[in-house]
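A.B. asks: Questions regarding the structure given below will be posed in turn.
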Amino acid sequence: MATNAVARKGIKRQIKLPNREAFKIALRSLKIRFWRSCVTMAGIVLAIAFLSSVMISGLATASLRPPDVGPGATVSEDRATQVWLICISLVVCTVGITNAMLMSVTERYREIGTMKCLGALDWFVVKLFLIEAAFQGLVGSMLGGLAGFIVAVLAAMTQYENVLGNLPWGTAFGQLGIAVLIGTGLSIVGAIYPARRAGRMPPADAMRTEI
Amino acid sequence: MAEAIAPVATEYAVKTLGVTKQYTMGKESVYALRGVSVEVHSGEYISIMGPSGSGKSTLFNMIGGLDKPTEGKVYIDEVDISGLDAYELAWLRCRKIGYIFQTFNLIPVMTALENCTLPMIFAGMGTQDALDKGVELLTLVGLGERVRHKPLELSGGQQQRVAIARALANDPAIILADEPTGNLDLKTGKEIIELLRRLNKEKGVTIISATHDLKMLDVSDRIIWIRDGRVDKIEQRAELDLELGTLEGEEV
Ligand SMILES: Nc1ncnc2c1ncn2[C@@H]1O[C@H](COP(=O)(O)OP(=O)(O)OP(=O)(O)O)[C@@H](O)[C@H]1O
Ligand SMILES: [Mg+2]
C-alpha cells in the first residue's frame, strides 16, 4: 500500500496549493450547489442589468440625439436620479452577496472544519470562497450586462432611427466591460468578510456544529 | 520553525503533560479534561477506554492539533505543538496524523473517492496519483465498488470505512482513531482491526484508538483508562489478559 517510508522525525511546513486546485474545488462546489448559486447570481444580474441599461441608454441619448436639441435641465435631473438609483442597487446587491456568502459559510461549517482538519490552510479556505464569489460575480454581471444592453438598445430603437448603425459600438462595449468589472468587484468585496470568517474557524469547533 | 525539544533517551511519538480542557458556555464551564499526562512510544498500539463523556474525543482533538488545551502541553515527536505556526500545524494534520473521526466527518457533497483523495490533494499529490491511491485505499477497506457514491448513499459502516481510507491517505506516522469499529459488523470490524494491526506491525505506525471493542483491546500494547477527564489507570496487555473475563462487565 504505502510506497514511501513513514516520516518519523521533524515537522515540516505545509505546501501552498497551486491556484488551479483552489479553482477546481471552488468550481465543483458551485456546480454542486447550482441552484443556490443561481439565486445569489440573480441579485447581481438584476443590479448589473440596471447599471448597463442606464449606461447604454445614456450613451444612445448622447450620440443619437438630433444636434438641434441641447441638453436640457430635465435631462440632467434624470441623470442624477439614475446615478442615485444605480448606487442604491449596487449597494443592495453587495449586501445581498455578503448575506448569501455568510449563509453559504454557515451551511458549510462542518465541511470547512473537515478541510482544515485534513490540512487546508486558512488562506486556502478564504481563496475558495473568493473564487466562488468572483465566478458568480463574473457570470452574473455578464448576463446582467448583456440583458441591460439589449433592453437599452431596444428602447433606443423606439426613439431614434438607425440605432444599430449609429451607436458608437466601441464605447458601448467599453461601458459594458466596466459594468462587468464593477459587478465582479462588488461580488468579491461582498465575500471578503464571510470568507475570512470561514478561514479563521477553529477546526474542532467547526466539526461539532450540526446544521 | 519550532524549536525541537532535545530528545530524551526514549522517543515518544505523542506526549501530553497535564492537559486540561475547559469549555465555557456562557457562565457555566465544563472540564472535559482535568490534567491528562500520557506518553506513547512510537510504534505503540494504544487503546483508550472510558465511559461516554469521559473526554476521549476531546483528548484526540488536543493530540491531533485540532484544538488548543486550556492548560498543559502536547508534544508530537518531542515537539511542543503549541509553538507551531499555521503551516507546520497544517502539515502535521495533513501528513503526520491520520484521523478517523467518531462522527466520520466526510464531506457530504463529495464522493467516497473525492473524500479520500482530499488529503492527498492538500499534500500536493498529482490528481491521477491521488485517484489511483484513493481507489486502492477504498478497495483495501472493501469499498472498491462504491467509489462514486456520496456519503449519504452509503451505510454508516461504509461511511466509517471511507473515513478510515481517508485517514490512511498520506501514510501518517500516527493514526488517531475515535471508535473506528463502532458502526461495523463483527467481520468488517475484525478486518479493520487487522488492517490497523498490520500498519502498526509492518510500518511501525503509532496507533491511538478509542474503543469499546474487546477485540481491539486484545491487539493493543497498552490500555489507557480515562474517567471524568483524568487518567484512571494504564494497563499493559499482559496484565489485561488475566482480567479479560471480568472486562465484559465494565462500562462498555
Ligand atoms: N465543544 C464543547 N463545548 C462544551 N462541552 C463540550 C464540548 N466538547 C466536549 N464537551 C464536554 O466534554 C466532555 C467530554 O466530551 P468528549 O466528547 O470528549 O467525550 P467522549 O469520551 O468522547 O464520549 P463518547 O464516548 O460519548 O464519544 C463531555 O461532558 C462534553 O459534554
Ligand atoms: Mg467521543
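Labels for the C-alpha cells follow display order: chains A, B, ..., residues from 1 in each chain, ligands from 1.
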Counting only C-alpha atoms, collect the residues of chain B whose closest atom lies at most 7 Å from chain A, and write them out as number ranges by chain.
C.D. replies: B: 61, 66-67, 77, 87-88, 90-94, 105, 107, 119, 122-124, 171-173
A.B. asks: Using only C-alpha atoms and all ligand atoms, determine which residues fall within 7 Å of ligand 2, then list them as a PyMOL selection string.
C.D. replies: chain B and resi 52-53+55-57+102+178
A.B. asks: Around ligand 1, out to 9 Å and counting only C-alpha atoms and all ligand atoms, which residues are there? I want them as a PyMOL selection string.
C.D. replies: (chain A and resi 204-205+208-209) or (chain B and resi 21-25+29-33+49-61+102+178-179+210-212+226-229)
A.B. asks: Identify, with DSSP run on backbone atoms, the residues in region 91-251 of chain B assigned to helix (DSSP H, G or I), and express the list as a tab-separated table (two decimals) with N, CA, C and O atoms, in the first residue's frame.
C.D. replies:
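After the write, result.tsv holds the following:
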```
chain	number	residue	atom	x	y	z
B	91	TRP	N	0.63	21.03	8.14
B	91	TRP	CA	1.43	19.89	7.68
B	91	TRP	C	1.23	18.70	8.61
B	91	TRP	O	1.05	17.57	8.17
B	92	LEU	N	1.24	19.00	9.91
B	92	LEU	CA	1.04	17.96	10.92
B	92	LEU	C	-0.30	17.26	10.71
B	92	LEU	O	-0.39	16.03	10.71
B	93	ARG	N	-1.35	18.06	10.52
B	93	ARG	CA	-2.69	17.49	10.35
B	93	ARG	C	-2.80	16.72	9.06
B	93	ARG	O	-3.55	15.75	8.95
B	94	CYS	N	-2.05	17.17	8.06
B	94	CYS	CA	-2.19	16.57	6.74
B	94	CYS	C	-1.32	15.34	6.57
B	94	CYS	O	-1.76	14.32	6.06
B	95	ARG	N	-0.08	15.41	7.05
B	95	ARG	CA	0.89	14.39	6.70
B	95	ARG	C	1.28	13.48	7.85
B	95	ARG	O	1.62	12.32	7.64
B	96	LYS	N	1.28	14.03	9.03
B	96	LYS	CA	1.83	13.29	10.16
B	96	LYS	C	0.76	12.42	10.82
B	96	LYS	O	1.02	11.33	11.28
B	112	ALA	N	-17.12	9.20	-2.29
B	112	ALA	CA	-16.18	8.49	-1.42
B	112	ALA	C	-14.75	8.72	-1.90
B	112	ALA	O	-13.85	9.00	-1.10
B	113	LEU	N	-14.56	8.62	-3.21
B	113	LEU	CA	-13.22	8.77	-3.77
B	113	LEU	C	-12.68	10.19	-3.56
B	113	LEU	O	-11.53	10.38	-3.16
B	114	GLU	N	-13.55	11.19	-3.81
B	114	GLU	CA	-13.10	12.58	-3.63
B	114	GLU	C	-12.77	12.86	-2.18
B	114	GLU	O	-11.79	13.55	-1.88
B	115	ASN	N	-13.58	12.32	-1.27
B	115	ASN	CA	-13.29	12.47	0.15
B	115	ASN	C	-11.93	11.90	0.48
B	115	ASN	O	-11.15	12.48	1.23
B	116	CYS	N	-11.67	10.76	-0.10
B	116	CYS	CA	-10.45	10.03	0.20
B	116	CYS	C	-9.22	10.71	-0.39
B	116	CYS	O	-8.14	10.65	0.17
B	117	THR	N	-9.38	11.38	-1.52
B	117	THR	CA	-8.23	12.00	-2.18
B	117	THR	C	-7.92	13.40	-1.64
B	117	THR	O	-6.82	13.90	-1.84
B	118	LEU	N	-8.89	13.99	-0.93
B	118	LEU	CA	-8.71	15.37	-0.48
B	118	LEU	C	-7.39	15.60	0.29
B	118	LEU	O	-6.65	16.53	-0.02
B	119	PRO	N	-7.07	14.74	1.27
B	119	PRO	CA	-5.81	14.97	1.99
B	119	PRO	C	-4.59	14.88	1.07
B	119	PRO	O	-3.60	15.56	1.29
B	120	MET	N	-4.69	14.04	0.04
B	120	MET	CA	-3.55	13.90	-0.87
B	120	MET	C	-3.42	15.16	-1.73
B	120	MET	O	-2.32	15.61	-2.03
B	121	ILE	N	-4.57	15.72	-2.13
B	121	ILE	CA	-4.54	16.97	-2.89
B	121	ILE	C	-3.90	18.06	-2.03
B	121	ILE	O	-3.04	18.81	-2.50
B	122	PHE	N	-4.30	18.12	-0.75
B	122	PHE	CA	-3.72	19.13	0.14
B	122	PHE	C	-2.22	18.90	0.31
B	122	PHE	O	-1.48	19.83	0.55
B	127	THR	N	-3.21	14.79	-9.42
B	127	THR	CA	-4.57	14.29	-9.41
B	127	THR	C	-4.65	12.80	-9.73
B	127	THR	O	-5.34	12.04	-9.05
B	128	GLN	N	-3.93	12.38	-10.76
B	128	GLN	CA	-4.05	10.98	-11.17
B	128	GLN	C	-3.50	10.04	-10.10
B	128	GLN	O	-4.12	9.04	-9.77
B	129	ASP	N	-2.36	10.40	-9.56
B	129	ASP	CA	-1.77	9.58	-8.48
B	129	ASP	C	-2.72	9.48	-7.31
B	129	ASP	O	-2.93	8.41	-6.73
B	130	ALA	N	-3.32	10.63	-6.98
B	130	ALA	CA	-4.24	10.66	-5.84
B	130	ALA	C	-5.44	9.76	-6.11
B	130	ALA	O	-5.86	9.00	-5.24
B	131	LEU	N	-5.97	9.83	-7.33
B	131	LEU	CA	-7.13	9.00	-7.67
B	131	LEU	C	-6.76	7.52	-7.57
B	131	LEU	O	-7.50	6.72	-7.00
B	132	ASP	N	-5.61	7.17	-8.13
B	132	ASP	CA	-5.18	5.77	-8.09
B	132	ASP	C	-5.08	5.28	-6.65
B	132	ASP	O	-5.57	4.22	-6.30
B	133	LYS	N	-4.43	6.09	-5.85
B	133	LYS	CA	-4.24	5.68	-4.48
B	133	LYS	C	-5.56	5.64	-3.72
B	133	LYS	O	-5.78	4.75	-2.89
B	134	GLY	N	-6.45	6.60	-4.04
B	134	GLY	CA	-7.77	6.61	-3.41
B	134	GLY	C	-8.52	5.32	-3.69
B	134	GLY	O	-9.09	4.71	-2.78
B	135	VAL	N	-8.50	4.88	-4.94
B	135	VAL	CA	-9.19	3.63	-5.30
B	135	VAL	C	-8.56	2.46	-4.56
B	135	VAL	O	-9.25	1.59	-4.01
B	136	GLU	N	-7.24	2.49	-4.52
B	136	GLU	CA	-6.50	1.42	-3.83
B	136	GLU	C	-6.90	1.33	-2.35
B	136	GLU	O	-7.19	0.25	-1.83
B	137	LEU	N	-6.98	2.50	-1.70
B	137	LEU	CA	-7.32	2.52	-0.28
B	137	LEU	C	-8.77	2.10	-0.04
B	137	LEU	O	-9.07	1.35	0.89
B	138	LEU	N	-9.67	2.57	-0.92
B	138	LEU	CA	-11.07	2.19	-0.75
B	138	LEU	C	-11.25	0.69	-0.98
B	138	LEU	O	-12.07	0.04	-0.33
B	139	THR	N	-10.49	0.15	-1.90
B	139	THR	CA	-10.54	-1.29	-2.12
B	139	THR	C	-10.04	-2.03	-0.89
B	139	THR	O	-10.61	-3.03	-0.47
B	140	LEU	N	-8.99	-1.47	-0.31
B	140	LEU	CA	-8.41	-2.07	0.89
B	140	LEU	C	-9.44	-2.18	2.02
B	140	LEU	O	-9.46	-3.17	2.76
B	144	GLY	N	-14.27	-0.95	-2.88
B	144	GLY	CA	-13.85	-0.76	-4.25
B	144	GLY	C	-14.99	-0.53	-5.23
B	144	GLY	O	-14.83	0.15	-6.24
B	145	GLU	N	-16.15	-1.06	-4.89
B	145	GLU	CA	-17.30	-0.96	-5.79
B	145	GLU	C	-18.09	0.33	-5.57
B	145	GLU	O	-19.04	0.62	-6.28
B	146	ARG	N	-17.72	1.07	-4.55
B	146	ARG	CA	-18.58	2.18	-4.14
B	146	ARG	C	-17.89	3.54	-4.24
B	146	ARG	O	-18.32	4.50	-3.61
B	151	PRO	N	-21.47	10.16	0.56
B	151	PRO	CA	-21.65	9.63	1.91
B	151	PRO	C	-23.10	9.27	2.24
B	151	PRO	O	-23.35	8.23	2.85
B	152	LEU	N	-24.05	10.11	1.82
B	152	LEU	CA	-25.44	9.84	2.19
B	152	LEU	C	-25.99	8.61	1.48
B	152	LEU	O	-27.03	8.08	1.86
B	153	GLU	N	-25.32	8.18	0.43
B	153	GLU	CA	-25.76	6.97	-0.27
B	153	GLU	C	-25.09	5.72	0.29
B	153	GLU	O	-25.21	4.65	-0.27
B	156	GLY	N	-23.85	3.54	7.45
B	156	GLY	CA	-22.96	4.06	8.48
B	156	GLY	C	-21.61	3.36	8.48
B	156	GLY	O	-20.57	4.00	8.55
B	157	GLY	N	-21.64	2.05	8.37
B	157	GLY	CA	-20.40	1.29	8.38
B	157	GLY	C	-19.54	1.59	7.15
B	157	GLY	O	-18.32	1.66	7.24
B	158	GLN	N	-20.22	1.79	6.01
B	158	GLN	CA	-19.47	2.11	4.80
B	158	GLN	C	-18.85	3.50	4.91
B	158	GLN	O	-17.70	3.72	4.50
B	159	GLN	N	-19.61	4.44	5.49
B	159	GLN	CA	-19.05	5.78	5.70
B	159	GLN	C	-17.83	5.70	6.60
B	159	GLN	O	-16.82	6.36	6.36
B	160	GLN	N	-17.93	4.88	7.63
B	160	GLN	CA	-16.81	4.73	8.54
B	160	GLN	C	-15.58	4.20	7.80
B	160	GLN	O	-14.46	4.64	8.05
B	161	ARG	N	-15.83	3.29	6.87
B	161	ARG	CA	-14.69	2.75	6.12
B	161	ARG	C	-14.08	3.79	5.18
B	161	ARG	O	-12.87	3.80	4.96
B	162	VAL	N	-14.93	4.68	4.62
B	162	VAL	CA	-14.37	5.77	3.82
B	162	VAL	C	-13.49	6.64	4.72
B	162	VAL	O	-12.37	7.02	4.34
B	163	ALA	N	-13.99	6.91	5.93
B	163	ALA	CA	-13.21	7.72	6.87
B	163	ALA	C	-11.87	7.05	7.19
B	163	ALA	O	-10.84	7.72	7.32
B	164	ILE	N	-11.89	5.74	7.29
B	164	ILE	CA	-10.64	5.01	7.57
B	164	ILE	C	-9.69	5.11	6.39
B	164	ILE	O	-8.50	5.40	6.55
B	165	ALA	N	-10.24	4.91	5.19
B	165	ALA	CA	-9.40	5.01	3.99
B	165	ALA	C	-8.79	6.41	3.89
B	165	ALA	O	-7.61	6.57	3.57
B	166	ARG	N	-9.59	7.43	4.21
B	166	ARG	CA	-9.09	8.80	4.12
B	166	ARG	C	-7.97	9.04	5.14
B	166	ARG	O	-7.00	9.74	4.84
B	167	ALA	N	-8.10	8.41	6.31
B	167	ALA	CA	-7.08	8.60	7.33
B	167	ALA	C	-5.73	8.04	6.89
B	167	ALA	O	-4.69	8.47	7.35
B	186	LEU	N	-19.26	-7.48	12.99
B	186	LEU	CA	-18.14	-8.21	13.56
B	186	LEU	C	-17.03	-8.48	12.56
B	186	LEU	O	-15.86	-8.23	12.82
B	187	LYS	N	-17.46	-8.95	11.37
B	187	LYS	CA	-16.47	-9.36	10.39
B	187	LYS	C	-15.68	-8.16	9.88
B	187	LYS	O	-14.45	-8.17	9.87
B	188	THR	N	-16.38	-7.11	9.47
B	188	THR	CA	-15.69	-5.92	8.96
B	188	THR	C	-14.87	-5.28	10.06
B	188	THR	O	-13.74	-4.83	9.82
B	189	GLY	N	-15.41	-5.24	11.26
B	189	GLY	CA	-14.69	-4.68	12.38
B	189	GLY	C	-13.37	-5.41	12.56
B	189	GLY	O	-12.32	-4.79	12.76
B	190	LYS	N	-13.43	-6.71	12.45
B	190	LYS	CA	-12.23	-7.52	12.62
B	190	LYS	C	-11.22	-7.22	11.52
B	190	LYS	O	-10.02	-7.11	11.79
B	191	GLU	N	-11.73	-7.05	10.29
B	191	GLU	CA	-10.82	-6.72	9.18
B	191	GLU	C	-10.13	-5.39	9.41
B	191	GLU	O	-8.94	-5.23	9.14
B	192	ILE	N	-10.90	-4.42	9.91
B	192	ILE	CA	-10.32	-3.10	10.15
B	192	ILE	C	-9.25	-3.19	11.25
B	192	ILE	O	-8.17	-2.61	11.15
B	193	ILE	N	-9.56	-3.94	12.30
B	193	ILE	CA	-8.58	-4.11	13.37
B	193	ILE	C	-7.32	-4.78	12.83
B	193	ILE	O	-6.20	-4.37	13.12
B	194	GLU	N	-7.53	-5.79	11.99
B	194	GLU	CA	-6.41	-6.47	11.34
B	194	GLU	C	-5.56	-5.47	10.57
B	194	GLU	O	-4.33	-5.50	10.63
B	195	LEU	N	-6.26	-4.61	9.81
B	195	LEU	CA	-5.58	-3.62	8.97
B	195	LEU	C	-4.75	-2.67	9.84
B	195	LEU	O	-3.56	-2.43	9.56
B	196	LEU	N	-5.34	-2.16	10.90
B	196	LEU	CA	-4.62	-1.25	11.79
B	196	LEU	C	-3.43	-1.97	12.42
B	196	LEU	O	-2.33	-1.43	12.52
B	197	ARG	N	-3.68	-3.20	12.81
B	197	ARG	CA	-2.64	-4.01	13.41
B	197	ARG	C	-1.46	-4.19	12.45
B	197	ARG	O	-0.30	-4.09	12.81
B	198	ARG	N	-1.81	-4.46	11.19
B	198	ARG	CA	-0.79	-4.68	10.19
B	198	ARG	C	0.03	-3.40	9.96
B	198	ARG	O	1.26	-3.44	9.88
B	199	LEU	N	-0.68	-2.27	9.85
B	199	LEU	CA	0.03	-0.99	9.68
B	199	LEU	C	0.98	-0.78	10.85
B	199	LEU	O	2.10	-0.32	10.68
B	200	ASN	N	0.50	-1.12	12.03
B	200	ASN	CA	1.28	-0.96	13.24
B	200	ASN	C	2.52	-1.84	13.23
B	200	ASN	O	3.64	-1.40	13.49
B	201	LYS	N	2.33	-3.10	12.87
B	201	LYS	CA	3.44	-4.06	12.92
B	201	LYS	C	4.43	-3.86	11.77
B	201	LYS	O	5.63	-3.86	11.97
B	202	GLU	N	3.87	-3.70	10.56
B	202	GLU	CA	4.74	-3.69	9.38
B	202	GLU	C	5.37	-2.33	9.12
B	202	GLU	O	6.50	-2.21	8.70
B	203	LYS	N	4.60	-1.28	9.35
B	203	LYS	CA	5.11	0.06	9.02
B	203	LYS	C	5.47	0.85	10.25
B	203	LYS	O	5.91	2.01	10.15
B	214	LEU	N	-13.65	-5.29	22.43
B	214	LEU	CA	-12.71	-6.15	23.14
B	214	LEU	C	-11.62	-6.70	22.24
B	214	LEU	O	-10.48	-6.87	22.64
B	215	LYS	N	-12.00	-6.94	20.96
B	215	LYS	CA	-11.00	-7.46	20.03
B	215	LYS	C	-9.88	-6.46	19.83
B	215	LYS	O	-8.72	-6.81	19.64
B	216	MET	N	-10.26	-5.19	19.87
B	216	MET	CA	-9.29	-4.12	19.72
B	216	MET	C	-8.35	-4.11	20.92
B	216	MET	O	-7.14	-3.94	20.77
B	217	LEU	N	-8.90	-4.29	22.11
B	217	LEU	CA	-8.07	-4.31	23.31
B	217	LEU	C	-7.05	-5.43	23.21
B	217	LEU	O	-5.92	-5.31	23.66
B	218	ASP	N	-7.50	-6.49	22.59
B	218	ASP	CA	-6.68	-7.68	22.50
B	218	ASP	C	-5.40	-7.44	21.72
B	218	ASP	O	-4.37	-8.04	22.01
B	219	VAL	N	-5.45	-6.56	20.71
B	219	VAL	CA	-4.25	-6.33	19.91
B	219	VAL	C	-3.42	-5.17	20.43
B	219	VAL	O	-2.32	-4.93	19.95
B	237	ARG	N	-0.93	-5.02	28.14
B	237	ARG	CA	-1.85	-6.06	27.70
B	237	ARG	C	-1.68	-7.34	28.51
B	237	ARG	O	-2.63	-8.05	28.80
B	238	ALA	N	-0.41	-7.60	28.94
B	238	ALA	CA	-0.14	-8.81	29.72
B	238	ALA	C	-1.02	-8.86	30.96
B	238	ALA	O	-1.61	-9.89	31.27
B	239	GLU	N	-1.14	-7.72	31.63
B	239	GLU	CA	-1.98	-7.67	32.82
B	239	GLU	C	-3.43	-7.91	32.45
B	239	GLU	O	-4.19	-8.53	33.17
B	240	LEU	N	-3.77	-7.37	31.27
B	240	LEU	CA	-5.17	-7.41	30.87
B	240	LEU	C	-5.65	-8.81	30.60
B	240	LEU	O	-6.77	-9.17	30.93
B	241	ASP	N	-4.75	-9.61	30.00
B	241	ASP	CA	-5.16	-10.96	29.62
B	241	ASP	C	-5.84	-11.70	30.76
B	241	ASP	O	-6.81	-12.40	30.59
B	242	LEU	N	-5.26	-11.48	31.96
B	242	LEU	CA	-5.80	-12.18	33.11
B	242	LEU	C	-7.23	-11.73	33.42
B	242	LEU	O	-8.03	-12.50	33.92
B	243	GLU	N	-7.52	-10.47	33.08
B	243	GLU	CA	-8.79	-9.92	33.51
B	243	GLU	C	-9.86	-9.95	32.43
B	243	GLU	O	-10.98	-9.51	32.66
B	244	LEU	N	-9.50	-10.40	31.24
B	244	LEU	CA	-10.44	-10.26	30.13
B	244	LEU	C	-11.84	-10.76	30.47
B	244	LEU	O	-12.82	-10.22	30.01
B	245	GLY	N	-11.86	-11.77	31.30
B	245	GLY	CA	-13.16	-12.28	31.69
B	245	GLY	C	-14.01	-11.24	32.40
B	245	GLY	O	-15.18	-11.08	32.10
B	246	THR	N	-13.39	-10.49	33.28
B	246	THR	CA	-14.16	-9.51	34.06
B	246	THR	C	-14.48	-8.26	33.24
B	246	THR	O	-15.37	-7.51	33.59
B	247	LEU	N	-13.72	-8.08	32.15
B	247	LEU	CA	-13.88	-6.86	31.37
B	247	LEU	C	-15.30	-6.66	30.86
B	247	LEU	O	-15.82	-5.56	30.81
```
A.B. asks: Residues near Gly183 (chain A), anyone? I mean within 8 Å using only C-alpha atoms, not counting same-chain ones fewer than 4 positions away, as an NGL selection string.
C.D. replies: :A and (44 or 48 or 137-138 or 140-141 or 179 or 187)
A.B. asks: Tell me, as a PyMOL selection string, which residues lie within 10 Å of Ile224 (chain B), counting only C-alpha atoms; anything in the same chain fewer than 3 positions away does not count.
C.D. replies: chain B and resi 38+46-50+208-210+227+231-236
A.B. asks: Out of A:Pro194, A:Gly185, A:Pro168, A:Gly43, which residue has the shortest atom-to-atom distance to Ser63 (chain A) when counting only C-alpha atoms?
C.D. replies: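 Answer, going by the shortest atom-to-atom distance: A:Pro168.
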